[in-house]
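Structure file structure.pdb (PDB, C-alpha atoms and all ligand atoms) follows.
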MODEL        1
ATOM      1  CA  MET I   1      23.320  12.946  11.014
ATOM      2  CA  LYS I   2      22.349   9.308  10.626
ATOM      3  CA  ALA I   3      20.639   8.271   7.411
ATOM      4  CA  VAL I   4      19.846   5.142   5.460
ATOM      5  CA  PHE I   5      21.360   5.024   1.978
ATOM      6  CA  TRP I   6      20.366   3.009  -1.055
ATOM      7  CA  GLN I   7      23.729   1.708  -2.215
ATOM      8  CA  GLY I   8      22.752   0.041  -5.494
ATOM      9  CA  LYS I   9      20.813  -3.118  -6.387
ATOM     10  CA  LYS I  10      18.954  -4.239  -3.264
ATOM     11  CA  ARG I  11      21.429  -2.791  -0.750
ATOM     12  CA  PHE I  12      20.344  -0.347   1.938
ATOM     13  CA  GLU I  13      22.866   0.739   4.585
ATOM     14  CA  LEU I  14      22.932   3.015   7.591
ATOM     15  CA  GLY I  15      25.543   5.746   7.307
ATOM     16  CA  GLU I  16      26.451   9.343   8.116
ATOM     17  CA  ALA I  17      25.340  12.286   6.002
ATOM     18  CA  PRO I  18      25.832  16.028   6.463
ATOM     19  CA  LYS I  19      22.793  17.711   8.004
ATOM     20  CA  PRO I  20      20.841  19.138   5.020
ATOM     21  CA  ARG I  21      21.125  22.875   4.313
ATOM     22  CA  ILE I  22      17.815  24.607   3.643
ATOM     23  CA  GLY I  23      16.970  27.099   0.908
ATOM     24  CA  ASP I  24      15.256  30.439   1.620
ATOM     25  CA  ASP I  25      11.806  28.935   0.986
ATOM     26  CA  GLN I  26      12.474  25.702   2.822
ATOM     27  CA  VAL I  27      12.286  24.302   6.335
ATOM     28  CA  LEU I  28      14.392  21.767   8.171
ATOM     29  CA  ILE I  29      12.398  18.959   9.727
ATOM     30  CA  LYS I  30      13.498  16.658  12.510
ATOM     31  CA  VAL I  31      12.033  13.463  11.125
ATOM     32  CA  GLU I  32       9.976  11.532  13.655
ATOM     33  CA  ALA I  33       8.483   8.906  11.373
ATOM     34  CA  ALA I  34       9.165   7.917   7.771
ATOM     35  CA  SER I  35       7.467   4.976   6.141
ATOM     36  CA  ILE I  36       8.761   2.578   3.537
ATOM     37  CA  CYS I  37       7.007   2.452   0.158
ATOM     38  CA  THR I  38       7.170  -0.347  -2.395
ATOM     39  CA  SER I  39       8.431   2.270  -4.861
ATOM     40  CA  ASP I  40      11.564   2.621  -2.707
ATOM     41  CA  PHE I  41      12.637  -0.788  -4.019
ATOM     42  CA  HIS I  42      12.711   0.335  -7.660
ATOM     43  CA  TYR I  43      15.778   2.623  -7.769
ATOM     44  CA  ALA I  44      17.661   0.034  -9.790
ATOM     45  CA  ASP I  45      14.765  -0.261 -12.277
ATOM     46  CA  TRP I  46      14.875   3.510 -12.835
ATOM     47  CA  ASP I  47      18.656   3.333 -13.389
ATOM     48  CA  CYS I  48      19.303   5.674 -10.465
ATOM     49  CA  THR I  49      22.861   6.301  -9.334
ATOM     50  CA  PRO I  50      23.641   5.454  -5.699
ATOM     51  CA  PRO I  51      24.019   6.574  -3.012
ATOM     52  CA  ILE I  52      20.513   7.954  -2.414
ATOM     53  CA  ILE I  53      18.697   8.656   0.845
ATOM     54  CA  PRO I  54      15.180   7.300   0.132
ATOM     55  CA  GLY I  55      11.965   8.267   1.880
ATOM     56  CA  HIS I  56       9.016  10.277   0.586
ATOM     57  CA  GLU I  57       6.428   9.497   3.288
ATOM     58  CA  ALA I  58       7.272  11.430   6.428
ATOM     59  CA  ALA I  59       6.270  13.545   9.374
ATOM     60  CA  GLY I  60       8.221  15.438  11.986
ATOM     61  CA  THR I  61       8.833  18.765  13.694
ATOM     62  CA  ILE I  62      10.108  21.934  12.049
ATOM     63  CA  VAL I  63      13.392  22.982  13.670
ATOM     64  CA  GLU I  64      14.601  25.697  11.276
ATOM     65  CA  THR I  65      12.963  27.943   8.659
ATOM     66  CA  GLY I  66      14.413  29.694   5.611
ATOM     67  CA  LYS I  67      14.432  33.487   5.511
ATOM     68  CA  ASN I  68      11.417  33.782   3.183
ATOM     69  CA  VAL I  69       9.232  31.402   5.185
ATOM     70  CA  ARG I  70       6.332  33.220   6.828
ATOM     71  CA  THR I  71       3.574  30.638   6.790
ATOM     72  CA  ILE I  72       4.856  28.063   9.217
ATOM     73  CA  LYS I  73       6.753  28.258  12.507
ATOM     74  CA  ILE I  74       9.534  26.377  14.246
ATOM     75  CA  GLY I  75       8.074  23.740  16.544
ATOM     76  CA  THR I  76       5.127  22.885  14.263
ATOM     77  CA  LYS I  77       4.563  19.198  13.646
ATOM     78  CA  VAL I  78       3.889  18.518   9.985
ATOM     79  CA  ALA I  79       3.274  15.866   7.359
ATOM     80  CA  VAL I  80       5.337  16.236   4.202
ATOM     81  CA  ASP I  81       4.215  16.198   0.576
ATOM     82  CA  PRO I  82       7.309  14.929  -1.286
ATOM     83  CA  VAL I  83       6.397  16.579  -4.610
ATOM     84  CA  GLN I  84       8.270  19.893  -4.521
ATOM     85  CA  ARG I  85       7.116  21.914  -7.501
ATOM     86  CA  CYS I  86       8.535  24.987  -9.235
ATOM     87  CA  GLY I  87       5.374  27.072  -8.872
ATOM     88  CA  LYS I  88       6.243  29.052 -12.003
ATOM     89  CA  CYS I  89       5.727  26.817 -15.034
ATOM     90  CA  GLU I  90       2.593  26.620 -17.145
ATOM     91  CA  ILE I  91       1.517  23.394 -15.432
ATOM     92  CA  CYS I  92       1.951  24.819 -11.931
ATOM     93  CA  LEU I  93       0.150  28.020 -12.906
ATOM     94  CA  SER I  94      -2.700  26.015 -14.428
ATOM     95  CA  GLY I  95      -3.403  24.519 -10.989
ATOM     96  CA  ILE I  96      -1.993  21.022 -11.358
ATOM     97  CA  GLY I  97       1.383  21.605  -9.751
ATOM     98  CA  HIS I  98       1.600  17.982  -8.567
ATOM     99  CA  LEU I  99       2.437  17.177 -12.204
ATOM    100  CA  CYS I 100       5.031  19.965 -12.533
ATOM    101  CA  PRO I 101       7.693  18.911 -15.044
ATOM    102  CA  ASN I 102      10.323  20.546 -12.817
ATOM    103  CA  THR I 103       9.336  18.515  -9.765
ATOM    104  CA  ARG I 104      12.070  17.955  -7.182
ATOM    105  CA  HIS I 105      10.746  14.740  -5.657
ATOM    106  CA  LEU I 106      12.089  13.780  -2.253
ATOM    107  CA  GLY I 107      14.143  10.619  -2.216
ATOM    108  CA  ASN I 108      16.245  10.985  -5.363
ATOM    109  CA  SER I 109      19.901  11.867  -5.852
ATOM    110  CA  GLU I 110      19.357  15.653  -5.837
ATOM    111  CA  ASN I 111      16.698  15.675  -3.116
ATOM    112  CA  PRO I 112      17.649  13.483  -0.149
ATOM    113  CA  GLY I 113      14.654  11.740   1.379
ATOM    114  CA  ALA I 114      13.303  11.179   4.849
ATOM    115  CA  TRP I 115      15.064   8.002   5.992
ATOM    116  CA  ALA I 116      17.283  10.285   8.026
ATOM    117  CA  GLU I 117      17.319  12.323  11.188
ATOM    118  CA  PHE I 118      16.714  15.567   9.291
ATOM    119  CA  LEU I 119      14.973  16.514   6.059
ATOM    120  CA  ALA I 120      15.035  19.746   4.032
ATOM    121  CA  VAL I 121      11.790  20.464   2.188
ATOM    122  CA  ASP I 122       9.869  23.409   0.709
ATOM    123  CA  ALA I 123       7.718  25.103   3.351
ATOM    124  CA  ALA I 124       4.797  24.923   0.905
ATOM    125  CA  ASN I 125       4.949  21.122   1.152
ATOM    126  CA  CYS I 126       4.376  21.000   4.909
ATOM    127  CA  TYR I 127       0.931  20.306   6.363
ATOM    128  CA  PRO I 128       0.462  20.982  10.097
ATOM    129  CA  LEU I 129      -0.893  18.012  12.024
ATOM    130  CA  PRO I 130      -4.223  18.232  13.806
ATOM    131  CA  GLN I 131      -3.603  18.038  17.531
ATOM    132  CA  ASN I 132      -4.681  14.426  17.962
ATOM    133  CA  VAL I 133      -2.701  13.033  15.024
ATOM    134  CA  SER I 134       0.676  11.477  15.849
ATOM    135  CA  ALA I 135       3.770  11.759  13.661
ATOM    136  CA  LEU I 136       3.638   7.970  13.287
ATOM    137  CA  ASP I 137       0.162   8.075  11.735
ATOM    138  CA  ALA I 138       0.934  11.273   9.819
ATOM    139  CA  ALA I 139       3.883   9.616   8.073
ATOM    140  CA  LEU I 140       1.279   7.757   6.048
ATOM    141  CA  THR I 141      -0.466  10.911   4.838
ATOM    142  CA  GLU I 142       1.293  10.648   1.461
ATOM    143  CA  PRO I 143       0.122   7.099   0.661
ATOM    144  CA  LEU I 144      -3.365   8.092   1.849
ATOM    145  CA  ALA I 145      -3.334  11.199  -0.331
ATOM    146  CA  VAL I 146      -2.274   9.399  -3.503
ATOM    147  CA  CYS I 147      -5.103   6.883  -3.007
ATOM    148  CA  MET I 148      -7.638   9.644  -2.346
ATOM    149  CA  GLU I 149      -6.552  11.136  -5.668
ATOM    150  CA  SER I 150      -7.928   8.042  -7.469
ATOM    151  CA  PHE I 151     -11.414   8.892  -6.174
ATOM    152  CA  GLU I 152     -11.038  12.577  -7.018
ATOM    153  CA  ARG I 153      -9.937  11.726 -10.543
ATOM    154  CA  ALA I 154     -12.921   9.409 -10.989
ATOM    155  CA  ASN I 155     -15.354  11.996  -9.587
ATOM    156  CA  PHE I 156     -16.537   9.218  -7.287
ATOM    157  CA  GLN I 157     -20.217   9.184  -6.326
ATOM    158  CA  PRO I 158     -21.757   7.494  -3.264
ATOM    159  CA  GLY I 159     -23.562   4.303  -4.189
ATOM    160  CA  TRP I 160     -21.011   3.242  -6.775
ATOM    161  CA  ASP I 161     -19.727  -0.309  -6.871
ATOM    162  CA  VAL I 162     -15.932  -0.447  -6.826
ATOM    163  CA  LEU I 163     -13.481  -3.113  -7.889
ATOM    164  CA  ILE I 164      -9.949  -2.813  -6.541
ATOM    165  CA  LEU I 165      -7.240  -4.921  -8.138
ATOM    166  CA  GLY I 166      -4.369  -5.587  -5.742
ATOM    167  CA  ASP I 167      -4.303  -6.514  -2.042
ATOM    168  CA  GLY I 168      -1.194  -4.527  -1.140
ATOM    169  CA  VAL I 169      -1.193  -1.499   1.117
ATOM    170  CA  PHE I 170      -2.564   0.691  -1.685
ATOM    171  CA  GLY I 171      -5.411  -1.759  -2.283
ATOM    172  CA  PHE I 172      -6.149  -1.627   1.435
ATOM    173  CA  ILE I 173      -6.202   2.176   1.500
ATOM    174  CA  HIS I 174      -8.364   2.367  -1.626
ATOM    175  CA  ALA I 175     -10.845   0.000   0.041
ATOM    176  CA  MET I 176     -10.864   2.238   3.139
ATOM    177  CA  PHE I 177     -11.695   5.291   1.046
ATOM    178  CA  ALA I 178     -14.341   3.413  -0.951
ATOM    179  CA  LYS I 179     -16.064   2.655   2.348
ATOM    180  CA  ILE I 180     -15.700   6.195   3.724
ATOM    181  CA  PHE I 181     -16.989   7.759   0.505
ATOM    182  CA  GLY I 182     -20.089   5.552   0.491
ATOM    183  CA  ALA I 183     -19.445   2.798  -2.046
ATOM    184  CA  ARG I 184     -22.314   0.293  -2.307
ATOM    185  CA  LYS I 185     -20.166  -2.796  -2.875
ATOM    186  CA  ILE I 186     -16.387  -3.036  -2.644
ATOM    187  CA  ILE I 187     -14.716  -6.004  -4.301
ATOM    188  CA  ILE I 188     -11.004  -6.509  -3.810
ATOM    189  CA  ALA I 189      -8.930  -9.003  -5.769
ATOM    190  CA  GLY I 190      -5.519 -10.239  -4.672
ATOM    191  CA  HIS I 191      -3.294 -13.206  -4.005
ATOM    192  CA  TYR I 192      -2.994 -13.477  -0.222
ATOM    193  CA  ASN I 193      -5.866 -14.692   1.956
ATOM    194  CA  SER I 194      -4.365 -13.163   5.087
ATOM    195  CA  ARG I 195      -4.195  -9.743   3.481
ATOM    196  CA  LEU I 196      -7.647 -10.013   1.936
ATOM    197  CA  ASP I 197      -9.103 -11.057   5.298
ATOM    198  CA  ARG I 198      -7.594  -8.052   7.035
ATOM    199  CA  ILE I 199      -8.895  -5.714   4.335
ATOM    200  CA  ALA I 200     -12.372  -7.263   4.511
ATOM    201  CA  LYS I 201     -12.467  -6.934   8.284
ATOM    202  CA  GLU I 202     -11.680  -3.224   8.126
ATOM    203  CA  THR I 203     -13.753  -2.270   5.060
ATOM    204  CA  ASN I 204     -16.489  -4.925   4.566
ATOM    205  CA  ALA I 205     -15.061  -5.567   1.108
ATOM    206  CA  ILE I 206     -15.947  -8.765  -0.747
ATOM    207  CA  THR I 207     -12.669 -10.541  -1.459
ATOM    208  CA  CYS I 208     -11.491 -12.657  -4.357
ATOM    209  CA  ASN I 209      -8.228 -14.571  -4.243
ATOM    210  CA  THR I 210      -7.603 -14.919  -7.957
ATOM    211  CA  HIS I 211      -5.250 -17.852  -7.358
ATOM    212  CA  ASN I 212      -8.227 -20.035  -6.558
ATOM    213  CA  GLN I 213     -11.367 -17.978  -7.210
ATOM    214  CA  ASN I 214     -12.846 -16.677 -10.443
ATOM    215  CA  LEU I 215     -13.130 -12.885 -10.429
ATOM    216  CA  THR I 216     -15.923 -12.801 -13.009
ATOM    217  CA  GLU I 217     -18.000 -15.130 -10.835
ATOM    218  CA  THR I 218     -17.315 -13.084  -7.710
ATOM    219  CA  LEU I 219     -18.367  -9.933  -9.544
ATOM    220  CA  GLU I 220     -21.554 -11.493 -10.901
ATOM    221  CA  LYS I 221     -22.513 -12.740  -7.461
ATOM    222  CA  THR I 222     -21.813  -9.368  -5.871
ATOM    223  CA  VAL I 223     -22.999  -6.749  -8.355
ATOM    224  CA  GLY I 224     -24.666  -8.759 -11.125
ATOM    225  CA  LYS I 225     -23.665  -8.984 -14.783
ATOM    226  CA  THR I 226     -23.769  -5.235 -15.465
ATOM    227  CA  GLY I 227     -20.405  -4.547 -13.881
ATOM    228  CA  VAL I 228     -18.917  -2.006 -11.497
ATOM    229  CA  HIS I 229     -18.884   1.782 -11.818
ATOM    230  CA  LEU I 230     -15.225   2.137 -10.898
ATOM    231  CA  ALA I 231     -12.204  -0.135 -11.112
ATOM    232  CA  ILE I 232      -8.870   0.841  -9.591
ATOM    233  CA  GLU I 233      -5.713  -0.845 -10.860
ATOM    234  CA  GLY I 234      -3.229  -1.312  -8.025
ATOM    235  CA  THR I 235      -1.190  -4.351  -9.048
ATOM    236  CA  SER I 236       1.334  -3.055 -11.625
ATOM    237  CA  ALA I 237       0.588  -6.161 -13.698
ATOM    238  CA  GLY I 238       0.371  -5.625 -17.463
ATOM    239  CA  ALA I 239      -2.750  -7.765 -17.831
ATOM    240  CA  ALA I 240      -4.681  -6.034 -15.036
ATOM    241  CA  PRO I 241      -6.080  -3.001 -16.920
ATOM    242  CA  ASN I 242      -7.963  -5.180 -19.406
ATOM    243  CA  ILE I 243      -9.323  -7.347 -16.579
ATOM    244  CA  ALA I 244     -10.585  -4.126 -15.017
ATOM    245  CA  LEU I 245     -12.090  -2.863 -18.293
ATOM    246  CA  ASN I 246     -14.037  -6.116 -18.614
ATOM    247  CA  ALA I 247     -15.421  -5.654 -15.109
ATOM    248  CA  LEU I 248     -16.808  -2.178 -15.831
ATOM    249  CA  ARG I 249     -20.388  -1.311 -16.615
ATOM    250  CA  PRO I 250     -21.089   0.960 -19.605
ATOM    251  CA  ARG I 251     -19.572   4.416 -19.010
ATOM    252  CA  GLY I 252     -17.638   2.963 -16.086
ATOM    253  CA  THR I 253     -14.237   4.331 -15.144
ATOM    254  CA  LEU I 254     -10.868   2.666 -14.817
ATOM    255  CA  VAL I 255      -8.275   4.496 -12.750
ATOM    256  CA  LEU I 256      -4.700   3.455 -13.451
ATOM    257  CA  PHE I 257      -3.111   3.982 -10.049
ATOM    258  CA  SER I 258      -0.052   1.740 -10.272
ATOM    259  CA  TYR I 259       2.918   2.285 -12.500
ATOM    260  CA  ILE I 260       2.837  -0.588 -14.965
ATOM    261  CA  TRP I 261       6.313  -1.760 -15.903
ATOM    262  CA  LYS I 262       5.345  -4.011 -18.815
ATOM    263  CA  SER I 263       2.302  -2.462 -20.392
ATOM    264  CA  GLU I 264      -0.072  -4.367 -22.658
ATOM    265  CA  PRO I 265      -2.403  -2.825 -25.274
ATOM    266  CA  LEU I 266      -5.824  -1.835 -23.938
ATOM    267  CA  ASP I 267      -8.941  -3.429 -25.412
ATOM    268  CA  LEU I 268      -9.909  -0.412 -27.519
ATOM    269  CA  PRO I 269     -13.033  -1.932 -29.132
ATOM    270  CA  LEU I 270     -14.357  -2.582 -25.617
ATOM    271  CA  LEU I 271     -13.535   0.979 -24.617
ATOM    272  CA  ASN I 272     -15.425   2.191 -27.640
ATOM    273  CA  MET I 273     -18.468  -0.070 -27.314
ATOM    274  CA  LYS I 274     -19.030   0.534 -23.597
ATOM    275  CA  GLU I 275     -18.004   4.234 -23.688
ATOM    276  CA  LEU I 276     -15.500   3.590 -20.910
ATOM    277  CA  ASN I 277     -13.266   6.145 -19.229
ATOM    278  CA  VAL I 278      -9.621   5.452 -18.520
ATOM    279  CA  LEU I 279      -7.846   7.871 -16.190
ATOM    280  CA  GLY I 280      -4.331   8.027 -14.845
ATOM    281  CA  SER I 281      -3.726   8.883 -11.206
ATOM    282  CA  CYS I 282      -0.268   9.900 -10.092
ATOM    283  CA  ARG I 283       0.697  11.721  -6.880
ATOM    284  CA  SER I 284      -2.059  13.895  -5.377
ATOM    285  CA  LEU I 285      -3.605  17.336  -5.642
ATOM    286  CA  ASN I 286      -5.105  19.062  -2.591
ATOM    287  CA  CYS I 287      -5.529  15.778  -0.700
ATOM    288  CA  PHE I 288      -3.113  16.128   2.239
ATOM    289  CA  GLU I 289      -5.341  18.334   4.410
ATOM    290  CA  LYS I 290      -8.405  16.223   3.672
ATOM    291  CA  CYS I 291      -6.558  13.035   4.611
ATOM    292  CA  LEU I 292      -5.205  14.501   7.851
ATOM    293  CA  HIS I 293      -8.739  15.599   8.687
ATOM    294  CA  LEU I 294     -10.092  12.070   8.118
ATOM    295  CA  VAL I 295      -7.330  10.621  10.309
ATOM    296  CA  SER I 296      -8.062  13.205  13.001
ATOM    297  CA  GLU I 297     -11.780  12.319  12.859
ATOM    298  CA  LYS I 298     -10.820   8.637  13.247
ATOM    299  CA  LYS I 299     -12.511   7.823   9.946
ATOM    300  CA  ILE I 300      -9.279   6.197   8.790
ATOM    301  CA  ASN I 301      -7.614   3.674  11.050
ATOM    302  CA  VAL I 302      -3.978   4.226  10.100
ATOM    303  CA  ALA I 303      -2.778   1.878  12.830
ATOM    304  CA  SER I 304      -4.378  -1.050  11.003
ATOM    305  CA  LEU I 305      -1.913  -0.487   8.138
ATOM    306  CA  ILE I 306       1.270  -0.377  10.208
ATOM    307  CA  ASP I 307       2.861  -3.723  11.057
ATOM    308  CA  ILE I 308       6.477  -2.794  11.641
ATOM    309  CA  LYS I 309       8.125   0.062  13.529
ATOM    310  CA  GLU I 310      11.911   0.151  13.607
ATOM    311  CA  PRO I 311      14.680   2.662  14.309
ATOM    312  CA  LEU I 312      16.781   3.807  11.318
ATOM    313  CA  ALA I 313      19.512   1.367  12.340
ATOM    314  CA  ASP I 314      17.128  -1.534  11.701
ATOM    315  CA  ALA I 315      15.849  -0.334   8.319
ATOM    316  CA  ASN I 316      17.169  -3.491   6.689
ATOM    317  CA  LYS I 317      15.242  -5.666   9.087
ATOM    318  CA  ALA I 318      12.054  -3.814   8.131
ATOM    319  CA  ILE I 319      12.839  -4.016   4.406
ATOM    320  CA  ILE I 320      13.486  -7.759   4.549
ATOM    321  CA  GLN I 321      10.214  -8.347   6.387
ATOM    322  CA  LEU I 322       8.311  -6.256   3.842
ATOM    323  CA  GLN I 323       9.770  -8.223   0.961
ATOM    324  CA  GLU I 324       9.743 -11.697   2.440
ATOM    325  CA  ASN I 325       6.680 -11.730   4.642
ATOM    326  CA  LYS I 326       4.325 -10.084   2.167
ATOM    327  CA  LYS I 327       1.278 -11.989   3.231
ATOM    328  CA  ASN I 328       1.372 -10.636   6.772
ATOM    329  CA  VAL I 329       2.850  -7.187   6.406
ATOM    330  CA  PHE I 330       1.376  -4.044   4.902
ATOM    331  CA  LYS I 331       3.466  -1.101   6.052
ATOM    332  CA  ALA I 332       6.722  -0.461   7.870
ATOM    333  CA  VAL I 333       7.618   2.850   9.494
ATOM    334  CA  LEU I 334      11.122   3.997  10.447
ATOM    335  CA  LEU I 335      11.434   6.049  13.605
ATOM    336  CA  PRO I 336      14.673   8.081  13.398
TER     337      PRO I 336
HETATM  338 ZN    ZN E 401       5.139   5.934  -2.018
HETATM  339 ZN    ZN E 402       6.100  23.813 -12.207
ENDMDL
END

Let's see the structure in the file written out as structure tokens.
Ligand SMILES: [Zn+2]
Ligand SMILES: [Zn+2]
Amino acid sequence: MKAVFWQGKKRFELGEAPKPRIGDDQVLIKVEAASICTSDFHYADWDCTPPIIPGHEAAGTIVETGKNVRTIKIGTKVAVDPVQRCGKCEICLSGIGHLCPNTRHLGNSENPGAWAEFLAVDAANCYPLPQNVSALDAALTEPLAVCMESFERANFQPGWDVLILGDGVFGFIHAMFAKIFGARKIIIAGHYNSRLDRIAKETNAITCNTHNQNLTETLEKTVGKTGVHLAIEGTSAGAAPNIALNALRPRGTLVLFSYIWKSEPLDLPLLNMKELNVLGSCRSLNCFEKCLHLVSEKKINVASLIDIKEPLADANKAIIQLQENKKNVFKAVLLP
């Protein structure tokens, strides 16, 4: 089958791979759409060994099932949760299997990802698509689900004011959820006017381009001096968490959504004095079905996130656009 391989550093190449063999509890999926995530550009930072077939955001049709699979049939269109868990360890049994220490995450050297014609994945990780949801839209269920998790972690309440740091695709999706879940004010901070404008148009968020606007002033004008109830960190910048802590009202909550490569110490006296909550959010628990439902109900406009659609053979073209035309591009989807 055809597949795109990460070949080290920043190199991605189309090549041939054997069709994946499925385990007894797995299914084989003919991939119809697989999107590109910013995390796919970090293999070198994690010291991964090439070649790797990336891709952890996907949807397609089941074409083969393992002998133990009873829950899902050949021909079903599904979205894929890339976090394959063991189901047996203490963490899985305690109900938070998305954090299983034995996770086999799609898109690493042992678990080939979805930038390919076929994908092997645990049947338990497949979510049937509602009838009116396309594979193209469903490929983005994973990024939707991980953003929904931020709100679940924070125990979000309607009427809250929300600050989102970062105007990338995850910032956009967080702003969409803030609107759907009934936020009073949504403030989004970023660096690109074109992105911020698109996010504002879709979500009514108040924007702040921190290159030329002062975030503290924007916040004061929008929600007053007290601060926001929830801040979501989506920039990966080391300084961002403390900026977010300063924006919170007493007993406010900071959700650390992004992986921060160069972390800086948190302002602990501030945490203490304002009784702040700091929560991590990684992957997602029980969010796939809810996200597919919201897409099916047209509450989430997935199309507004997708700027590029390319066949596997043009993966590089899509990757270059994502990296070089940041201000105009949110998401690229490969169509094998
Ligand atoms: Zn991702
Ligand atoms: Zn486990």

Item to check | Expansion of the PyMOL selection byres (((not hetatm)) within 10 of (chain E and resi 401)) into residues, as a list in words | outcome: Ser35, Ile36, Cys37, Thr38, Ser39, Asp40, Gly55, His56, Glu57, Pro82, Leu140, Glu142, Pro143, Leu144, Val146, Phe170 and Arg283 of chain I

Checklist entry - When distances are computed from all atoms listed in the file, which of I:Gly97, I:Pro20, I:Gly8, I:Gly224 shows the smallest separation from ligand ZN 402 (chain E)? => result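 Result for the nearest residue to ligand ZN 402 (chain E): I:Gly97.
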
Next on the checklist: Can you pull out the residues contacting Ile96 (chain I)? Cut-off 12 Å, using only C-alpha atoms, and skip same-chain residues under 3 positions away; I want them as a list in words.
Outcome noted: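 Here the answer would be Val83, Arg85, Cys86, Gly87, Lys88, Cys89, Glu90, Ile91, Cys92, Leu93, Leu99, Cys100, Pro101, Thr103, Cys282, Arg283, Ser284, Leu285 and Asn286 of chain I.
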
Checklist entry - What does the distance between CA of Pro269 (chain I) and CA of Ile188 (chain I) come to in Å, to one decimal place? => result 25.8 Å

Next on the checklist: When you count only C-alpha atoms and all ligand atoms, which of these residues is closest to ligand ZN 402 (chain E): I:Gly171, I:Pro250, I:Gly95, I:Pro130?
Outcome noted: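 Closest residue, counting only C-alpha atoms and all ligand atoms: I:Gly95.
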
Item to check | Point-to-point distance in Å for CA of Gly15 (chain I) and CA of Val333 (chain I) | outcome: 18.3 Å

Item to check | Two-atom distance - CA of Ile319 (chain I), CA of Gly113 (chain I) (Å) | outcome: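 Rounded to one decimal, the two atoms are 16.1 Å apart.
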
Checklist entry - How would you write, as a PyMOL selection string, the residues chosen by the PyMOL selection byres (((chain I and resi 137) around 12) and not hetatm) on this structure? => result chain I and resi 32-35+57-60+78-79+129-130+132-136+138-144+291-292+294-296+298+300-306+309+331-335

Write a file of the selected residues as a PDB file, keeping the file's coordinate frame, keeping C-alpha atoms.
ATOM      1  CA  GLU I  32       9.976  11.532  13.655  1.00  0.00           C
ATOM      2  CA  ALA I  33       8.483   8.906  11.373  1.00  0.00           C
ATOM      3  CA  ALA I  34       9.165   7.917   7.771  1.00  0.00           C
ATOM      4  CA  SER I  35       7.467   4.976   6.141  1.00  0.00           C
ATOM      5  CA  GLU I  57       6.428   9.497   3.288  1.00  0.00           C
ATOM      6  CA  ALA I  58       7.272  11.430   6.428  1.00  0.00           C
ATOM      7  CA  ALA I  59       6.270  13.545   9.374  1.00  0.00           C
ATOM      8  CA  GLY I  60       8.221  15.438  11.986  1.00  0.00           C
ATOM      9  CA  VAL I  78       3.889  18.518   9.985  1.00  0.00           C
ATOM     10  CA  ALA I  79       3.274  15.866   7.359  1.00  0.00           C
ATOM     11  CA  LEU I 129      -0.893  18.012  12.024  1.00  0.00           C
ATOM     12  CA  PRO I 130      -4.223  18.232  13.806  1.00  0.00           C
ATOM     13  CA  ASN I 132      -4.681  14.426  17.962  1.00  0.00           C
ATOM     14  CA  VAL I 133      -2.701  13.033  15.024  1.00  0.00           C
ATOM     15  CA  SER I 134       0.676  11.477  15.849  1.00  0.00           C
ATOM     16  CA  ALA I 135       3.770  11.759  13.661  1.00  0.00           C
ATOM     17  CA  LEU I 136       3.638   7.970  13.287  1.00  0.00           C
ATOM     18  CA  ALA I 138       0.934  11.273   9.819  1.00  0.00           C
ATOM     19  CA  ALA I 139       3.883   9.616   8.073  1.00  0.00           C
ATOM     20  CA  LEU I 140       1.279   7.757   6.048  1.00  0.00           C
ATOM     21  CA  THR I 141      -0.466  10.911   4.838  1.00  0.00           C
ATOM     22  CA  GLU I 142       1.293  10.648   1.461  1.00  0.00           C
ATOM     23  CA  PRO I 143       0.122   7.099   0.661  1.00  0.00           C
ATOM     24  CA  LEU I 144      -3.365   8.092   1.849  1.00  0.00           C
ATOM     25  CA  CYS I 291      -6.558  13.035   4.611  1.00  0.00           C
ATOM     26  CA  LEU I 292      -5.205  14.501   7.851  1.00  0.00           C
ATOM     27  CA  LEU I 294     -10.092  12.070   8.118  1.00  0.00           C
ATOM     28  CA  VAL I 295      -7.330  10.621  10.309  1.00  0.00           C
ATOM     29  CA  SER I 296      -8.062  13.205  13.001  1.00  0.00           C
ATOM     30  CA  LYS I 298     -10.820   8.637  13.247  1.00  0.00           C
ATOM     31  CA  ILE I 300      -9.279   6.197   8.790  1.00  0.00           C
ATOM     32  CA  ASN I 301      -7.614   3.674  11.050  1.00  0.00           C
ATOM     33  CA  VAL I 302      -3.978   4.226  10.100  1.00  0.00           C
ATOM     34  CA  ALA I 303      -2.778   1.878  12.830  1.00  0.00           C
ATOM     35  CA  SER I 304      -4.378  -1.050  11.003  1.00  0.00           C
ATOM     36  CA  LEU I 305      -1.913  -0.487   8.138  1.00  0.00           C
ATOM     37  CA  ILE I 306       1.270  -0.377  10.208  1.00  0.00           C
ATOM     38  CA  LYS I 309       8.125   0.062  13.529  1.00  0.00           C
ATOM     39  CA  LYS I 331       3.466  -1.101   6.052  1.00  0.00           C
ATOM     40  CA  ALA I 332       6.722  -0.461   7.870  1.00  0.00           C
ATOM     41  CA  VAL I 333       7.618   2.850   9.494  1.00  0.00           C
ATOM     42  CA  LEU I 334      11.122   3.997  10.447  1.00  0.00           C
ATOM     43  CA  LEU I 335      11.434   6.049  13.605  1.00  0.00           C
TER      44      LEU I 335
END

Item to check | Selection: 9 Å around Leu254 (chain I), all atoms listed in the file, excl. self and same-chain fewer than 2 positions, as a PyMOL selection string | outcome: chain I and resi 154+229-233+241+244-245+248+252+256+276-280

Item to check | Output of the PyMOL selection byres (((chain I and resi 17) around 8) and not hetatm), listed as a VMD selection string | outcome: chain I and resid 1 to 3 15 to 16 18 to 19

Item to check | Nearest residue to Gly107 (chain I) from the set I:Ile186, I:Cys147, I:Val228, I:Ala120 (distances using only C-alpha atoms) | outcome: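 Between I:Ile186, I:Cys147, I:Val228, I:Ala120, the residue approaching Gly107 (chain I) most closely is I:Ala120.
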